[in-house]
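S.K.: Okay, so here is my_file-v1.txt, and as you'll see once you scroll down, it has compact mmCIF, C-alpha atoms and all ligand atoms.
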```txt
# COMPACT_ATOMS: atom_id res chain seq x y z
CA MET A 1 41.79 -24.09 91.63
CA ASN A 2 42.55 -27.80 91.57
CA TYR A 3 39.49 -28.51 93.63
CA THR A 4 37.23 -26.66 91.14
CA ASN A 5 38.86 -28.57 88.28
CA ASP A 6 38.21 -31.84 90.05
CA ILE A 7 34.53 -31.00 90.42
CA GLU A 8 34.33 -29.93 86.79
CA ILE A 9 35.98 -33.15 85.64
CA LYS A 10 33.64 -35.21 87.84
CA ASN A 11 30.63 -33.35 86.44
CA ARG A 12 31.81 -33.88 82.91
CA LEU A 13 32.42 -37.56 83.52
CA ALA A 14 28.92 -37.88 84.98
CA ILE A 15 27.45 -36.15 81.90
CA ILE A 16 29.45 -38.42 79.55
CA LYS A 17 28.23 -41.46 81.48
CA GLN A 18 24.62 -40.29 81.23
CA MET A 19 25.04 -39.61 77.51
CA ARG A 20 26.47 -43.07 76.98
CA SER A 21 23.65 -44.82 78.75
CA LEU A 22 21.15 -42.68 76.85
CA LEU A 23 22.82 -43.60 73.56
CA SER A 24 22.85 -47.28 74.39
CA MET A 25 19.17 -47.04 75.34
CA ILE A 26 18.41 -45.38 71.99
CA GLY A 27 20.43 -48.14 70.28
CA PHE A 28 18.46 -50.76 72.19
CA PHE A 29 15.14 -49.24 71.11
CA ILE A 30 16.30 -49.01 67.48
CA VAL A 31 17.09 -52.74 67.61
CA LEU A 32 13.66 -53.41 69.16
CA ILE A 33 11.90 -51.33 66.48
CA ALA A 34 13.83 -53.10 63.70
CA GLN A 35 12.96 -56.45 65.27
CA ALA A 36 9.28 -55.50 65.47
CA GLN A 37 9.34 -54.38 61.82
CA ASN A 38 10.89 -57.69 60.75
CA ASP A 39 8.32 -59.60 62.83
CA GLN A 40 5.57 -57.88 60.85
CA VAL A 41 7.07 -58.79 57.47
CA GLU A 42 5.06 -61.40 55.64
CA ILE A 43 6.73 -63.43 52.91
CA LYS A 44 4.27 -63.75 50.05
CA VAL A 45 4.56 -66.46 47.40
CA HIS A 46 3.64 -65.57 43.80
CA LYS A 47 3.48 -68.50 41.40
CA LEU A 48 4.68 -67.58 37.89
CA THR A 49 4.93 -71.07 36.33
CA ASP A 50 4.91 -74.65 37.66
CA HIS A 51 8.62 -74.25 38.47
CA ILE A 52 9.27 -70.55 39.02
CA TYR A 53 8.03 -68.42 41.91
CA MET A 54 8.57 -64.88 43.14
CA LEU A 55 8.75 -64.23 46.89
CA THR A 56 8.18 -60.78 48.30
CA GLY A 57 8.81 -59.57 51.84
CA LYS A 58 11.12 -56.71 52.70
CA GLY A 59 13.90 -55.83 50.26
CA GLY A 60 14.56 -57.11 46.77
CA ASN A 61 12.18 -59.55 45.08
CA ILE A 62 13.35 -63.15 45.40
CA GLY A 63 13.13 -65.59 42.47
CA ILE A 64 12.92 -69.35 43.02
CA SER A 65 13.26 -72.28 40.64
CA VAL A 66 12.07 -75.62 42.04
CA GLY A 67 12.51 -79.07 40.55
CA GLN A 68 14.21 -82.42 40.86
CA ASP A 69 17.72 -80.92 41.25
CA GLY A 70 16.72 -78.77 44.19
CA VAL A 71 15.96 -75.10 44.75
CA PHE A 72 17.74 -72.34 42.87
CA MET A 73 17.27 -69.01 44.62
CA ILE A 74 17.90 -65.48 43.36
CA ASP A 75 18.70 -62.95 46.14
CA ASP A 76 17.96 -63.46 49.84
CA GLN A 77 16.76 -60.12 51.34
CA PHE A 78 17.80 -59.47 54.99
CA ALA A 79 19.31 -61.89 57.52
CA PRO A 80 16.49 -61.66 60.13
CA LEU A 81 14.01 -62.84 57.46
CA THR A 82 15.83 -66.05 56.46
CA SER A 83 13.76 -68.42 58.60
CA LYS A 84 10.50 -66.94 57.26
CA ILE A 85 11.82 -67.16 53.69
CA LEU A 86 12.83 -70.79 54.20
CA THR A 87 9.37 -71.58 55.60
CA ALA A 88 7.84 -70.03 52.46
CA ILE A 89 10.18 -72.09 50.26
CA LYS A 90 9.26 -75.27 52.17
CA SER A 91 5.62 -74.62 51.25
CA ILE A 92 6.67 -74.95 47.58
CA SER A 93 9.37 -77.64 47.69
CA ASP A 94 10.82 -80.12 50.17
CA GLN A 95 14.21 -79.92 48.44
CA PRO A 96 17.11 -77.93 49.93
CA VAL A 97 18.35 -74.65 48.44
CA THR A 98 21.32 -75.67 46.30
CA TYR A 99 22.32 -72.27 44.93
CA VAL A 100 21.79 -68.66 45.92
CA PHE A 101 22.55 -66.26 43.10
CA ASN A 102 23.09 -62.58 44.04
CA THR A 103 21.99 -60.11 41.33
CA HIS A 104 24.23 -57.41 42.93
CA TRP A 105 25.86 -56.54 46.25
CA HIS A 106 23.23 -54.41 48.05
CA GLY A 107 22.21 -55.59 51.51
CA ASP A 108 18.51 -56.00 50.69
CA HIS A 109 19.56 -58.68 48.14
CA THR A 110 22.52 -60.32 49.92
CA GLY A 111 21.69 -59.89 53.62
CA GLY A 112 20.72 -63.53 54.05
CA ASN A 113 23.92 -64.94 52.49
CA LEU A 114 25.54 -66.11 55.71
CA ASN A 115 22.38 -67.89 56.87
CA MET A 116 21.93 -69.49 53.46
CA ALA A 117 25.58 -70.61 53.33
CA ASN A 118 25.05 -72.18 56.77
CA GLU A 119 22.03 -73.99 55.30
CA GLY A 120 24.41 -75.49 52.75
CA ALA A 121 23.65 -73.26 49.75
CA ILE A 122 26.40 -72.29 47.32
CA ILE A 123 26.53 -68.51 46.84
CA VAL A 124 27.23 -67.33 43.29
CA ALA A 125 27.60 -63.79 41.89
CA HIS A 126 29.52 -61.50 39.57
CA GLU A 127 33.11 -60.95 40.72
CA ASN A 128 32.39 -57.29 41.60
CA VAL A 129 29.68 -58.40 44.03
CA ARG A 130 32.26 -60.42 45.94
CA LYS A 131 34.69 -57.49 45.90
CA ARG A 132 32.09 -55.03 47.14
CA ILE A 133 30.52 -57.04 49.96
CA ARG A 134 33.92 -58.15 51.16
CA PHE A 135 35.14 -54.68 52.06
CA ASP A 136 33.59 -51.62 53.68
CA GLN A 137 31.59 -49.57 51.15
CA LEU A 138 30.26 -46.06 51.13
CA MET A 139 26.56 -46.06 50.27
CA LYS A 140 24.46 -42.88 50.28
CA GLY A 141 27.22 -41.32 52.38
CA GLN A 142 27.08 -44.08 55.00
CA LYS A 143 29.63 -46.77 55.66
CA LYS A 144 28.46 -50.33 54.99
CA GLN A 145 30.68 -52.82 56.75
CA GLY A 146 32.29 -55.65 54.85
CA VAL A 147 30.81 -59.08 55.55
CA SER A 148 32.36 -62.25 56.96
CA GLU A 149 34.14 -64.75 54.70
CA LYS A 150 31.23 -67.19 54.85
CA SER A 151 28.76 -64.65 53.41
CA LEU A 152 30.81 -64.25 50.24
CA PRO A 153 30.06 -65.82 46.86
CA VAL A 154 32.20 -68.95 46.48
CA ILE A 155 31.80 -68.98 42.69
CA THR A 156 32.09 -65.80 40.63
CA PHE A 157 31.84 -65.02 36.92
CA THR A 158 32.78 -62.08 34.70
CA GLU A 159 30.53 -61.94 31.62
CA ASP A 160 28.00 -64.73 30.97
CA MET A 161 27.38 -68.17 32.41
CA MET A 162 24.87 -70.99 32.13
CA TYR A 163 23.33 -73.24 34.76
CA TYR A 164 21.89 -76.58 33.70
CA PHE A 165 19.48 -77.04 36.55
CA ASN A 166 15.98 -78.40 37.01
CA GLU A 167 15.89 -79.54 33.36
CA GLU A 168 16.44 -76.01 32.10
CA GLU A 169 19.17 -73.75 30.80
CA VAL A 170 19.43 -70.75 33.11
CA PHE A 171 21.29 -67.99 31.30
CA ILE A 172 23.14 -65.47 33.45
CA SER A 173 24.38 -62.29 31.79
CA HIS A 174 26.39 -59.47 33.32
CA ILE A 175 25.33 -55.95 32.36
CA HIS A 176 27.93 -53.23 32.56
CA LYS A 177 27.72 -50.31 34.96
CA ALA A 178 23.92 -50.17 35.28
CA HIS A 179 22.51 -50.13 38.83
CA THR A 180 26.04 -51.03 40.10
CA ASP A 181 29.14 -52.55 38.47
CA GLY A 182 28.13 -56.11 39.39
CA ASP A 183 24.59 -56.54 38.04
CA ALA A 184 23.31 -59.68 36.37
CA LEU A 185 20.21 -60.73 34.46
CA VAL A 186 18.97 -64.26 35.19
CA TYR A 187 16.88 -65.81 32.41
CA PHE A 188 15.02 -69.10 32.84
CA THR A 189 14.89 -70.02 29.17
CA LYS A 190 12.32 -72.83 29.32
CA ASN A 191 9.97 -71.23 31.82
CA ASN A 192 10.45 -67.88 30.06
CA VAL A 193 10.99 -65.85 33.23
CA LEU A 194 13.61 -63.12 33.54
CA HIS A 195 14.86 -61.81 36.92
CA MET A 196 16.49 -58.39 36.48
CA GLY A 197 17.56 -57.49 40.01
CA ASP A 198 17.75 -53.73 40.50
CA ALA A 199 18.53 -53.20 36.83
CA TYR A 200 14.76 -52.66 36.78
CA PHE A 201 12.57 -50.83 39.31
CA GLN A 202 9.13 -51.60 37.91
CA GLY A 203 6.95 -48.45 37.75
CA LYS A 204 9.45 -46.27 39.64
CA PHE A 205 12.49 -44.19 38.78
CA PRO A 206 15.62 -46.32 39.10
CA TYR A 207 18.24 -45.98 41.80
CA ILE A 208 21.56 -45.55 40.03
CA ASP A 209 24.27 -46.27 42.60
CA ILE A 210 27.00 -44.09 41.10
CA ALA A 211 29.37 -44.77 44.03
CA SER A 212 29.15 -48.50 43.20
CA GLY A 213 29.86 -47.95 39.49
CA GLY A 214 26.28 -47.44 38.26
CA THR A 215 25.58 -45.13 35.28
CA ILE A 216 22.50 -43.96 33.37
CA ASP A 217 23.97 -45.16 30.06
CA GLY A 218 24.69 -48.64 31.48
CA TYR A 219 21.20 -48.73 32.97
CA ILE A 220 19.63 -48.00 29.57
CA GLU A 221 21.89 -50.55 27.83
CA GLY A 222 21.00 -53.19 30.44
CA ILE A 223 17.29 -52.82 29.75
CA LYS A 224 17.90 -52.88 25.99
CA LYS A 225 19.79 -56.16 26.45
CA ALA A 226 16.89 -57.58 28.48
CA ILE A 227 14.42 -56.58 25.75
CA LEU A 228 16.54 -58.37 23.13
CA LEU A 229 16.63 -61.49 25.26
CA ILE A 230 12.90 -61.94 25.88
CA ASN A 231 9.60 -62.16 23.98
CA ASP A 232 6.06 -60.88 24.46
CA ASP A 233 5.15 -63.78 26.76
CA THR A 234 8.13 -63.42 29.14
CA GLN A 235 7.34 -62.72 32.78
CA VAL A 236 9.82 -60.20 34.17
CA ILE A 237 10.71 -60.11 37.89
CA PRO A 238 12.04 -56.65 38.77
CA GLY A 239 14.32 -56.00 41.76
CA HIS A 240 11.45 -54.03 43.27
CA GLY A 241 7.82 -53.77 42.19
CA LYS A 242 5.35 -56.09 40.50
CA VAL A 243 5.85 -58.79 37.88
CA SER A 244 6.27 -57.04 34.56
CA ASN A 245 6.67 -57.71 30.83
CA LYS A 246 8.40 -56.67 27.63
CA SER A 247 6.02 -53.87 26.71
CA GLU A 248 6.42 -52.23 30.15
CA LEU A 249 10.18 -52.53 29.80
CA LYS A 250 9.99 -50.74 26.45
CA SER A 251 8.07 -47.80 27.94
CA TYR A 252 10.52 -47.76 30.85
CA VAL A 253 13.60 -47.55 28.66
CA ASN A 254 11.93 -44.84 26.55
CA MET A 255 11.30 -42.80 29.69
CA LEU A 256 14.98 -43.15 30.68
CA LYS A 257 16.20 -42.22 27.20
CA ILE A 258 14.04 -39.08 27.16
CA LEU A 259 15.16 -37.99 30.64
CA ARG A 260 18.78 -38.64 29.71
CA GLN A 261 18.43 -36.50 26.56
CA ARG A 262 16.75 -33.66 28.44
CA VAL A 263 19.53 -33.57 31.05
CA MET A 264 22.20 -33.91 28.36
CA ASP A 265 20.76 -30.87 26.56
CA GLU A 266 21.04 -28.86 29.78
CA ILE A 267 24.66 -29.94 30.20
CA SER A 268 25.38 -28.84 26.62
CA LEU A 269 23.92 -25.45 27.52
CA GLY A 270 26.36 -25.27 30.42
CA LYS A 271 23.74 -25.65 33.16
CA SER A 272 24.93 -26.47 36.68
CA LEU A 273 23.88 -29.36 38.91
CA GLU A 274 21.88 -26.91 41.01
CA GLN A 275 19.98 -25.64 37.95
CA VAL A 276 19.16 -29.16 36.77
CA LYS A 277 18.16 -30.18 40.28
CA VAL A 278 15.42 -27.53 40.48
CA ASN A 279 14.26 -27.67 36.84
CA ILE A 280 10.98 -29.57 37.15
CA ASN A 281 10.43 -29.37 33.37
CA LEU A 282 13.14 -32.00 32.85
CA THR A 283 10.97 -34.73 34.39
CA LYS A 284 7.65 -33.31 33.16
CA GLY A 285 5.15 -36.01 32.19
CA TYR A 286 6.79 -38.69 34.36
CA SER A 287 5.59 -37.87 37.87
CA SER A 288 3.91 -41.29 38.07
CA TYR A 289 7.43 -42.78 38.41
CA ASN A 290 7.96 -40.86 41.67
CA GLY A 291 8.85 -43.09 44.56
CA TRP A 292 11.81 -43.63 46.80
CA ILE A 293 13.74 -41.96 43.97
CA THR A 294 11.94 -38.69 43.42
CA GLU A 295 11.91 -36.58 40.25
CA GLU A 296 14.53 -34.33 41.82
CA ARG A 297 16.77 -37.28 42.70
CA ILE A 298 16.59 -38.79 39.24
CA ARG A 299 17.50 -35.41 37.66
CA VAL A 300 20.51 -35.19 39.98
CA SER A 301 21.53 -38.84 39.37
CA ILE A 302 21.40 -38.51 35.60
CA TYR A 303 23.32 -35.23 35.70
CA LYS A 304 26.04 -36.67 37.95
CA SER A 305 26.25 -39.84 35.88
CA LEU A 306 26.67 -37.88 32.62
CA GLN A 307 29.29 -35.62 34.20
CA LYS A 308 31.51 -38.58 35.08
ZN ZN B 401 20.15 -52.50 44.74
```
What's the structure tokens form of this structure?

M.R.:
Amino acid sequence: MNYTNDIEIKNRLAIIKQMRSLLSMIGFFIVLIAQAQNDQVEIKVHKLTDHIYMLTGKGGNIGISVGQDGVFMIDDQFAPLTSKILTAIKSISDQPVTYVFNTHWHGDHTGGNLNMANEGAIIVAHENVRKRIRFDQLMKGQKKQGVSEKSLPVITFTEDMMYYFNEEEVFISHIHKAHTDGDALVYFTKNNVLHMGDAYFQGKFPYIDIASGGTIDGYIEGIKKAILLINDDTQVIPGHGKVSNKSELKSYVNMLKILRQRVMDEISLGKSLEQVKVNINLTKGYSSYNGWITEERIRVSIYKSLQK
């Protein structure tokens, strides 16, 4: 009896060992694939004015202000891309990056914080960004680990703030419970460029991160605030997508208002989440906004947001 047990235990141990080495091999290949994907990423430089640039690569759009005071940077994508991003910045300016401003806490906007802090940049963000990247967060059902002390913003704000940098007033304004609870608009008043972070997904349905305090009503209000701030000549950098403008923002907010109303009407009729989820009529006419957030996902997001 004991002998059989011994064999069984040995067999099981051998299986566990095999499983472990298989898992570590899978992990190794995942790392290799991720590395290969990052190697393929090209950082593209888009010149908006003589002083403001947009950089695209993988993750959120980066905004850069260059001038005699140094480089002011908005968001920093993912850590493995930092050296490529810095090379792209060097092609524009030989000055160091003085500030990195995070528009919100998500990893595709703050992933390079530690590297940038090590480069000597001062990280600045809304106080809720600091709170959220500091501790473990649940995002799309998955745990995101809190970051090290050095990756954290060292200056935080609560409502509005102003930078006087590169001969320009840079107006920073917090918007409440939009994409998350720590979003900010960054407006370069002289160059007339507005960076909206993920409070604007140009041409696509927005991702409303309800678990991080995002709401459909806050999202709509955030865009209305942006529209009030800018004029017809303003160049708008979205968190994701192409450079945009005031008239596109107006159509975007109209789309959101209509979808919100349609879902609200269903709620008033006592419809369930499941019924709203499958009701394709609620997003009728807006299929061109399909993307990472599909029509079904936006119906679900708006419903959940309005239920809260
Ligand atoms: Zn985001």

S.K.: What does the distance between atom CA of A:Asp265 and atom CA of A:Ile175 come to in Å, to one decimal place?

M.R.: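 We find that atom CA of A:Asp265 and atom CA of A:Ile175 lie 26.1 Å from each other.
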
S.K.: Between A:Asn191, A:Asn61, A:Thr82, A:Ser272, which is the closest to ligand ZN 401 (chain B) once you count only C-alpha atoms and all ligand atoms?

M.R.: A:Asn61

S.K.: Neighbouring residues of A:Asn102 were defined as those with any atom within 12 Å, considering only C-alpha atoms; residues of the same chain fewer than 3 positions away were excluded. Please report them as a PyMOL selection string.

M.R.: chain A and resi 60-63+72-77+99+105-113+116+122-130+133+151-157+172+174+182-186+195-198+239

S.K.: Measuring atom to atom with all atoms listed in the file, identify which of A:Tyr207, A:Tyr53, A:Phe135, A:Tyr252 is nearest to ligand ZN 401 (chain B).

M.R.: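 The answer is A:Tyr207, which sits nearest to ligand ZN 401 (chain B).
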
S.K.: Rank A:Asn192, A:Ser83, A:Thr103, A:Ser148 by their smallest atom-to-atom distance to ligand ZN 401 (chain B), using only C-alpha atoms and all ligand atoms, and report the top residue only.

M.R.: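 When distances to ligand ZN 401 (chain B) are compared using only C-alpha atoms and all ligand atoms, the smallest one comes from A:Thr103.
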
S.K.: Hey, can you check how far atom CA of A:Arg134 sits from atom CA of A:Asp160?

M.R.: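 Computing the Euclidean distance for atom CA of A:Arg134 and atom CA of A:Asp160 yields 22.0 Å.
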
S.K.: Taking only C-alpha atoms and all ligand atoms into account, which of A:Gly57, A:Pro206, A:Gly270, A:Gly222 comes nearest ligand ZN 401 (chain B)?

M.R.: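 Smallest distance to ligand ZN 401 (chain B) is found for A:Pro206.
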
S.K.: For A:Thr180, work out the shell of residues within 9 Å, counting all atoms listed in the file and skipping chain neighbours fewer than 5 positions away, then give it as number ranges by chain.

M.R.: A: 104-105, 198-199, 208-215, 219

S.K.: Taking (11.5, -78.2, 39.2) in the file's own coordinates, collect the residues within 10 Å, counting all atoms listed in the file, and hand them back as a list in words.

M.R.: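 Returned residue set, sorted by chain then number, is Asp50, His51, Ile52, Ile64, Ser65, Val66, Gly67, Gln68, Asp69, Gly70, Val71, Phe72, Ser93, Gln95, Phe165, Asn166, Glu167 and Glu168 of chain A.
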
S.K.: What does the distance between atom CA of A:Leu229 and atom CA of A:Ala178 come to in Å, to one decimal place?

M.R.: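 Computing the Euclidean distance for atom CA of A:Leu229 and atom CA of A:Ala178 yields 16.8 Å.
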
S.K.: Compare A:Gly291, A:Pro238, A:Gly218, A:Gly285 by their minimum atom-to-atom distance to ligand ZN 401 (chain B), counting all atoms listed in the file, and give me the closest one.

M.R.: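 Looking at the shortest contact to ligand ZN 401 (chain B), the residue is A:Pro238.
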
S.K.: Dump N, CA and C atoms of stretch 37-67 of chain A from the given block, as a JSON list (two decimals), in the first residue's frame.

M.R.:
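Output contents, as saved in decode28.json:
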```
[["chain", "number", "residue", "atom", "x", "y", "z"],
["A", 37, "GLN", "N", 7.89, 42.26, -30.29],
["A", 37, "GLN", "CA", 6.88, 43.27, -30.65],
["A", 37, "GLN", "C", 7.40, 44.68, -30.36],
["A", 38, "ASN", "N", 8.07, 44.83, -29.20],
["A", 38, "ASN", "CA", 8.62, 46.15, -28.86],
["A", 38, "ASN", "C", 9.73, 46.56, -29.82],
["A", 39, "ASP", "N", 10.54, 45.55, -30.26],
["A", 39, "ASP", "CA", 11.61, 45.84, -31.21],
["A", 39, "ASP", "C", 11.06, 46.40, -32.51],
["A", 40, "GLN", "N", 9.85, 45.92, -32.87],
["A", 40, "GLN", "CA", 9.25, 46.36, -34.14],
["A", 40, "GLN", "C", 8.61, 47.74, -34.05],
["A", 41, "VAL", "N", 8.37, 48.21, -32.83],
["A", 41, "VAL", "CA", 7.68, 49.50, -32.67],
["A", 41, "VAL", "C", 8.57, 50.63, -33.18],
["A", 42, "GLU", "N", 7.95, 51.47, -34.00],
["A", 42, "GLU", "CA", 8.68, 52.63, -34.50],
["A", 42, "GLU", "C", 8.05, 53.88, -33.87],
["A", 43, "ILE", "N", 8.89, 54.74, -33.31],
["A", 43, "ILE", "CA", 8.37, 55.98, -32.75],
["A", 43, "ILE", "C", 8.34, 57.03, -33.85],
["A", 44, "LYS", "N", 7.13, 57.48, -34.17],
["A", 44, "LYS", "CA", 6.99, 58.47, -35.25],
["A", 44, "LYS", "C", 6.80, 59.86, -34.65],
["A", 45, "VAL", "N", 7.43, 60.84, -35.28],
["A", 45, "VAL", "CA", 7.36, 62.22, -34.81],
["A", 45, "VAL", "C", 6.42, 63.01, -35.72],
["A", 46, "HIS", "N", 5.39, 63.63, -35.13],
["A", 46, "HIS", "CA", 4.46, 64.46, -35.90],
["A", 46, "HIS", "C", 4.61, 65.90, -35.40],
["A", 47, "LYS", "N", 5.02, 66.79, -36.28],
["A", 47, "LYS", "CA", 5.19, 68.18, -35.89],
["A", 47, "LYS", "C", 3.86, 68.92, -35.97],
["A", 48, "LEU", "N", 3.43, 69.52, -34.85],
["A", 48, "LEU", "CA", 2.16, 70.26, -34.87],
["A", 48, "LEU", "C", 2.40, 71.76, -34.98],
["A", 49, "THR", "N", 3.40, 72.27, -34.25],
["A", 49, "THR", "CA", 3.81, 73.68, -34.36],
["A", 49, "THR", "C", 5.35, 73.68, -34.23],
["A", 50, "ASP", "N", 5.95, 74.87, -34.20],
["A", 50, "ASP", "CA", 7.41, 74.92, -34.05],
["A", 50, "ASP", "C", 7.86, 74.39, -32.70],
["A", 51, "HIS", "N", 6.94, 74.35, -31.72],
["A", 51, "HIS", "CA", 7.32, 73.94, -30.37],
["A", 51, "HIS", "C", 6.62, 72.69, -29.85],
["A", 52, "ILE", "N", 5.55, 72.27, -30.52],
["A", 52, "ILE", "CA", 4.77, 71.13, -30.01],
["A", 52, "ILE", "C", 4.78, 69.98, -31.03],
["A", 53, "TYR", "N", 5.03, 68.79, -30.51],
["A", 53, "TYR", "CA", 5.09, 67.59, -31.34],
["A", 53, "TYR", "C", 4.24, 66.49, -30.72],
["A", 54, "MET", "N", 3.78, 65.58, -31.57],
["A", 54, "MET", "CA", 3.11, 64.37, -31.06],
["A", 54, "MET", "C", 3.99, 63.19, -31.46],
["A", 55, "LEU", "N", 4.22, 62.28, -30.53],
["A", 55, "LEU", "CA", 4.98, 61.06, -30.83],
["A", 55, "LEU", "C", 4.03, 59.88, -30.72],
["A", 56, "THR", "N", 4.09, 59.01, -31.72],
["A", 56, "THR", "CA", 3.28, 57.80, -31.65],
["A", 56, "THR", "C", 4.19, 56.58, -31.71],
["A", 57, "GLY", "N", 3.79, 55.53, -31.02],
["A", 57, "GLY", "CA", 4.55, 54.28, -31.03],
["A", 57, "GLY", "C", 3.59, 53.19, -30.66],
["A", 58, "LYS", "N", 3.67, 52.72, -29.43],
["A", 58, "LYS", "CA", 2.72, 51.72, -28.94],
["A", 58, "LYS", "C", 2.17, 52.25, -27.61],
["A", 59, "GLY", "N", 0.86, 52.38, -27.51],
["A", 59, "GLY", "CA", 0.27, 52.96, -26.30],
["A", 59, "GLY", "C", -0.22, 54.36, -26.57],
["A", 60, "GLY", "N", -0.44, 55.11, -25.51],
["A", 60, "GLY", "CA", -1.03, 56.44, -25.64],
["A", 60, "GLY", "C", -0.14, 57.42, -26.39],
["A", 61, "ASN", "N", -0.78, 58.34, -27.13],
["A", 61, "ASN", "CA", -0.03, 59.37, -27.85],
["A", 61, "ASN", "C", 0.74, 60.26, -26.87],
["A", 62, "ILE", "N", 1.99, 60.53, -27.22],
["A", 62, "ILE", "CA", 2.84, 61.38, -26.38],
["A", 62, "ILE", "C", 2.81, 62.80, -26.95],
["A", 63, "GLY", "N", 2.73, 63.79, -26.06],
["A", 63, "GLY", "CA", 2.86, 65.19, -26.49],
["A", 63, "GLY", "C", 4.17, 65.75, -25.96],
["A", 64, "ILE", "N", 4.82, 66.60, -26.76],
["A", 64, "ILE", "CA", 6.11, 67.18, -26.36],
["A", 64, "ILE", "C", 6.09, 68.67, -26.61],
["A", 65, "SER", "N", 6.56, 69.44, -25.62],
["A", 65, "SER", "CA", 6.81, 70.87, -25.85],
["A", 65, "SER", "C", 8.32, 71.06, -25.75],
["A", 66, "VAL", "N", 8.91, 71.70, -26.76],
["A", 66, "VAL", "CA", 10.36, 71.95, -26.72],
["A", 66, "VAL", "C", 10.62, 73.45, -26.75],
["A", 67, "GLY", "N", 11.68, 73.86, -26.08],
["A", 67, "GLY", "CA", 12.02, 75.28, -26.04],
["A", 67, "GLY", "C", 13.23, 75.51, -25.15]]
```
